[in-house]
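So the structure is just underneath, and the comments pick up after that.
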Amino acid sequence: MVKSWDAQKERSNPFLLKLICKFALNMPRTITRIWLWPISFYFLLFSPVARAASSDYLRRNPKTSSDIRSIYKHIYTFASVILDRVYFITGKFEKFKISYDLDPEALSVLDSNSGAVLLGAHVGSFEAMRCLAIKQADLNLKILMYRNHNAMITRILDELNSDIASSVINISDTNALLQVQEVVESGGVIGLLADRVVPGEKLTRCCLLGGEVEIPSGPFSLSLILGVPIIVFFATYVGDNHYHITLKKLSDPVTAPRNQRDVIIQDLTSDYIFQVERILSRYPYNWFNFYDYWRAR
């Protein structure tokens, strides 16, 4: 099994991707979703890496079983969320029922326009965060991410809405940290997914679903360096056209000497993982790390 997310080859076909996007934008969503059945079945049959990763995760989650029907449902849920990215990116929010579980303390942080780090995971749909950005009309949100991974699908989706592309800060850029600092100093929010590691990055070990995992220290170090609070965010796919957005404050601004940061980051990481486990207990098929996440030490 592939032991790193960045080692996975992009299996997308540009013609097929563009065709599906065209269908999505010109046909009813219920019709376009018919594509999801054969696509999910194809990956179930011909992607042993995704199948094995799904089975491993489903076996660990006490809310699921790891039989073939559950694996198919897991892959199908992922395919559904990928398709819905087209609608979220093009602003077709009216197609969805969005429910909210919003922590008042987290909303207070966002309303204060004093800057924050917004942490998600590869759980559900990060694009649905735009729904919250609209709900909080003045929310200045920039996404920090690696644009080079899955470059083909990223490029095609960027073509659908150039404003989305301009809201992304590429971690690979030499001035990425400067861009982040400018956003926060202007009262904006930096959003990123904190559950995948990059080779050479400092790591924090903790327990997720009964197994040891490695979580990047960078997102938590970033909040300490910037002196801003951390908010965790999940937009989980419930089924049909329903998404549920969860927002919770994880920490207040923390300042600490360098020799104490490791302990603070360990505590913040554990709190973050607790929130991930909590959401996976409610929406177990929304875990979208299809590689050997609990890899051998």
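In the structure tokens, each chain is lettered A, B, ... as it comes, each chain's residues begin at 1, and ligands are numbered from 1 in order of appearance.
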Once DSSP has gone over the backbone, tell me which residues of range 104-250 of chain A are in helix (DSSP H, G or I), as number ranges by chain. A: 104-111, 129-135, 151-160, 162-166, 176-185, 218-226
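Non-sequential neighbours of Cys206 in chain A (distance at most 10 Å, separation of 3 or more positions within a chain, only C-alpha atoms) are Leu203, Gly210, Gly211, Glu212, Val213, Glu214, Ile215, Gln266, Asp267, Thr269, Ser270 and Ile273 of chain A.
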Can you check which parts of range 211-282 of chain A lie within 12 Å of range 101-118 of chain A? Per residue, the shortest pair of atoms and distance in Å to one decimal, counting only C-alpha atoms, sorted by chain and number, as JSON lines.
{"residue": "A:Gly218", "atom": "CA", "partner": "A:Val117", "partner_atom": "CA", "distance": 11.6}
{"residue": "A:Pro219", "atom": "CA", "partner": "A:Val117", "partner_atom": "CA", "distance": 8.0}
{"residue": "A:Phe220", "atom": "CA", "partner": "A:Val117", "partner_atom": "CA", "distance": 8.7}
{"residue": "A:Ser221", "atom": "CA", "partner": "A:Val117", "partner_atom": "CA", "distance": 10.6}
{"residue": "A:Leu222", "atom": "CA", "partner": "A:Val117", "partner_atom": "CA", "distance": 8.0}
{"residue": "A:Ser223", "atom": "CA", "partner": "A:Val117", "partner_atom": "CA", "distance": 6.2}
{"residue": "A:Leu224", "atom": "CA", "partner": "A:Val117", "partner_atom": "CA", "distance": 9.9}
{"residue": "A:Ile225", "atom": "CA", "partner": "A:Val117", "partner_atom": "CA", "distance": 11.1}
{"residue": "A:Leu226", "atom": "CA", "partner": "A:Ala116", "partner_atom": "CA", "distance": 8.6}
{"residue": "A:Gly227", "atom": "CA", "partner": "A:Ala116", "partner_atom": "CA", "distance": 8.6}
{"residue": "A:Val228", "atom": "CA", "partner": "A:Ala116", "partner_atom": "CA", "distance": 5.1}
{"residue": "A:Pro229", "atom": "CA", "partner": "A:Ala116", "partner_atom": "CA", "distance": 5.2}
{"residue": "A:Ile230", "atom": "CA", "partner": "A:Val117", "partner_atom": "CA", "distance": 4.9}
{"residue": "A:Ile231", "atom": "CA", "partner": "A:Leu118", "partner_atom": "CA", "distance": 4.8}
{"residue": "A:Val232", "atom": "CA", "partner": "A:Leu118", "partner_atom": "CA", "distance": 5.7}
{"residue": "A:Phe233", "atom": "CA", "partner": "A:Leu118", "partner_atom": "CA", "distance": 6.7}
{"residue": "A:Phe234", "atom": "CA", "partner": "A:Asp101", "partner_atom": "CA", "distance": 9.9}
{"residue": "A:Ala235", "atom": "CA", "partner": "A:Asp101", "partner_atom": "CA", "distance": 10.1}
{"residue": "A:Thr236", "atom": "CA", "partner": "A:Asp101", "partner_atom": "CA", "distance": 11.3}
{"residue": "A:Tyr243", "atom": "CA", "partner": "A:Asp101", "partner_atom": "CA", "distance": 11.2}
{"residue": "A:His244", "atom": "CA", "partner": "A:Asp101", "partner_atom": "CA", "distance": 7.6}
{"residue": "A:Ile245", "atom": "CA", "partner": "A:Asp101", "partner_atom": "CA", "distance": 6.1}
{"residue": "A:Thr246", "atom": "CA", "partner": "A:Asp101", "partner_atom": "CA", "distance": 4.8}
{"residue": "A:Leu247", "atom": "CA", "partner": "A:Leu102", "partner_atom": "CA", "distance": 4.8}
{"residue": "A:Lys248", "atom": "CA", "partner": "A:Asp103", "partner_atom": "CA", "distance": 5.0}
{"residue": "A:Lys249", "atom": "CA", "partner": "A:Ala106", "partner_atom": "CA", "distance": 4.7}
{"residue": "A:Leu250", "atom": "CA", "partner": "A:Ala106", "partner_atom": "CA", "distance": 8.4}
{"residue": "A:Ser251", "atom": "CA", "partner": "A:Ala106", "partner_atom": "CA", "distance": 9.5}
{"residue": "A:Asp252", "atom": "CA", "partner": "A:Val109", "partner_atom": "CA", "distance": 9.2}
{"residue": "A:Pro253", "atom": "CA", "partner": "A:Ala116", "partner_atom": "CA", "distance": 8.7}
{"residue": "A:Val254", "atom": "CA", "partner": "A:Ala116", "partner_atom": "CA", "distance": 11.8}
{"residue": "A:Tyr272", "atom": "CA", "partner": "A:Leu118", "partner_atom": "CA", "distance": 11.3}
{"residue": "A:Ile279", "atom": "CA", "partner": "A:Asp101", "partner_atom": "CA", "distance": 11.5}
Rank A:Thr90, A:Ser125, A:Thr255, A:Asn289 by their smallest atom-to-atom distance to Val49 in chain A, using only C-alpha atoms, and report the top residue only. A:Asn289
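Distance annotation: of A:Gly124, A:Pro28, A:Pro62, A:Pro38, the residue with the minimal separation from His242 in chain A is A:Gly124; atom set is only C-alpha atoms.
By chain and then residue number, the residues within 8 Å of Asn241 in chain A are Lys95, Phe96, Lys97 and Val238 of chain A, counting only C-alpha atoms and disregarding those fewer than 3 positions away in sequence.
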From a DSSP calculation on the backbone, collect every residue of range 130-253 of chain A in strand (DSSP E or B) and output the set as a VMD selection string. chain A and resid 141 to 145 168 to 170 189 to 193 203 to 208 211 to 216 230 to 239 242 to 251
Writing out the chosen residues with C-alpha atoms as an mmCIF file, in the first residue's frame:
data_model
loop_
_atom_site.group_PDB
_atom_site.id
_atom_site.type_symbol
_atom_site.label_atom_id
_atom_site.label_comp_id
_atom_site.auth_asym_id
_atom_site.auth_seq_id
_atom_site.Cartn_x
_atom_site.Cartn_y
_atom_site.Cartn_z
ATOM 1 C CA LEU A 141 -10.563 33.550 4.022
ATOM 2 C CA LYS A 142 -7.363 32.420 2.305
ATOM 3 C CA ILE A 143 -6.485 28.766 1.841
ATOM 4 C CA LEU A 144 -2.933 27.538 2.402
ATOM 5 C CA MET A 145 -2.284 24.395 0.328
ATOM 6 C CA VAL A 168 -5.220 30.120 -2.488
ATOM 7 C CA ILE A 169 -1.737 30.633 -1.071
ATOM 8 C CA ASN A 170 0.642 28.004 -2.415
ATOM 9 C CA VAL A 189 -8.385 33.846 8.370
ATOM 10 C CA ILE A 190 -5.903 31.261 7.100
ATOM 11 C CA GLY A 191 -7.475 27.887 6.376
ATOM 12 C CA LEU A 192 -5.527 24.658 5.933
ATOM 13 C CA LEU A 193 -5.855 20.907 6.362
ATOM 14 C CA LEU A 203 5.901 15.853 13.323
ATOM 15 C CA THR A 204 3.869 15.222 16.426
ATOM 16 C CA ARG A 205 2.773 11.694 17.286
ATOM 17 C CA CYS A 206 -0.600 10.950 18.778
ATOM 18 C CA CYS A 207 -3.327 8.311 18.749
ATOM 19 C CA LEU A 208 -6.177 8.275 16.228
ATOM 20 C CA GLY A 211 -3.444 3.594 16.269
ATOM 21 C CA GLU A 212 -0.415 5.871 16.368
ATOM 22 C CA VAL A 213 -0.290 8.519 13.635
ATOM 23 C CA GLU A 214 1.971 11.419 12.745
ATOM 24 C CA ILE A 215 0.485 14.910 12.471
ATOM 25 C CA PRO A 216 2.409 17.902 11.086
ATOM 26 C CA ILE A 230 -7.197 28.111 16.314
ATOM 27 C CA ILE A 231 -10.638 27.115 15.068
ATOM 28 C CA VAL A 232 -11.445 23.628 13.782
ATOM 29 C CA PHE A 233 -13.815 23.204 10.871
ATOM 30 C CA PHE A 234 -15.588 20.272 9.202
ATOM 31 C CA ALA A 235 -18.191 20.255 6.421
ATOM 32 C CA THR A 236 -19.415 16.672 6.352
ATOM 33 C CA TYR A 237 -21.547 15.046 3.693
ATOM 34 C CA VAL A 238 -24.708 13.680 5.288
ATOM 35 C CA GLY A 239 -26.319 12.290 2.136
ATOM 36 C CA HIS A 242 -27.205 17.700 2.695
ATOM 37 C CA TYR A 243 -23.962 18.986 4.253
ATOM 38 C CA HIS A 244 -23.394 19.745 7.919
ATOM 39 C CA ILE A 245 -20.886 22.422 8.948
ATOM 40 C CA THR A 246 -19.222 22.196 12.357
ATOM 41 C CA LEU A 247 -17.143 25.024 13.774
ATOM 42 C CA LYS A 248 -15.402 24.979 17.165
ATOM 43 C CA LYS A 249 -12.725 27.090 18.837
ATOM 44 C CA LEU A 250 -9.730 24.931 19.712
ATOM 45 C CA SER A 251 -7.530 27.490 21.456
#
Rank A:Leu119, A:Pro284, A:Ser172, A:Phe88 by their smallest atom-to-atom distance to Lys73 in chain A, using only C-alpha atoms, and report the top residue only. A:Pro284
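The gap separating CA of Leu44 in chain A from CA of Asp67 in chain A is 12.0 Å, in Å to one decimal.
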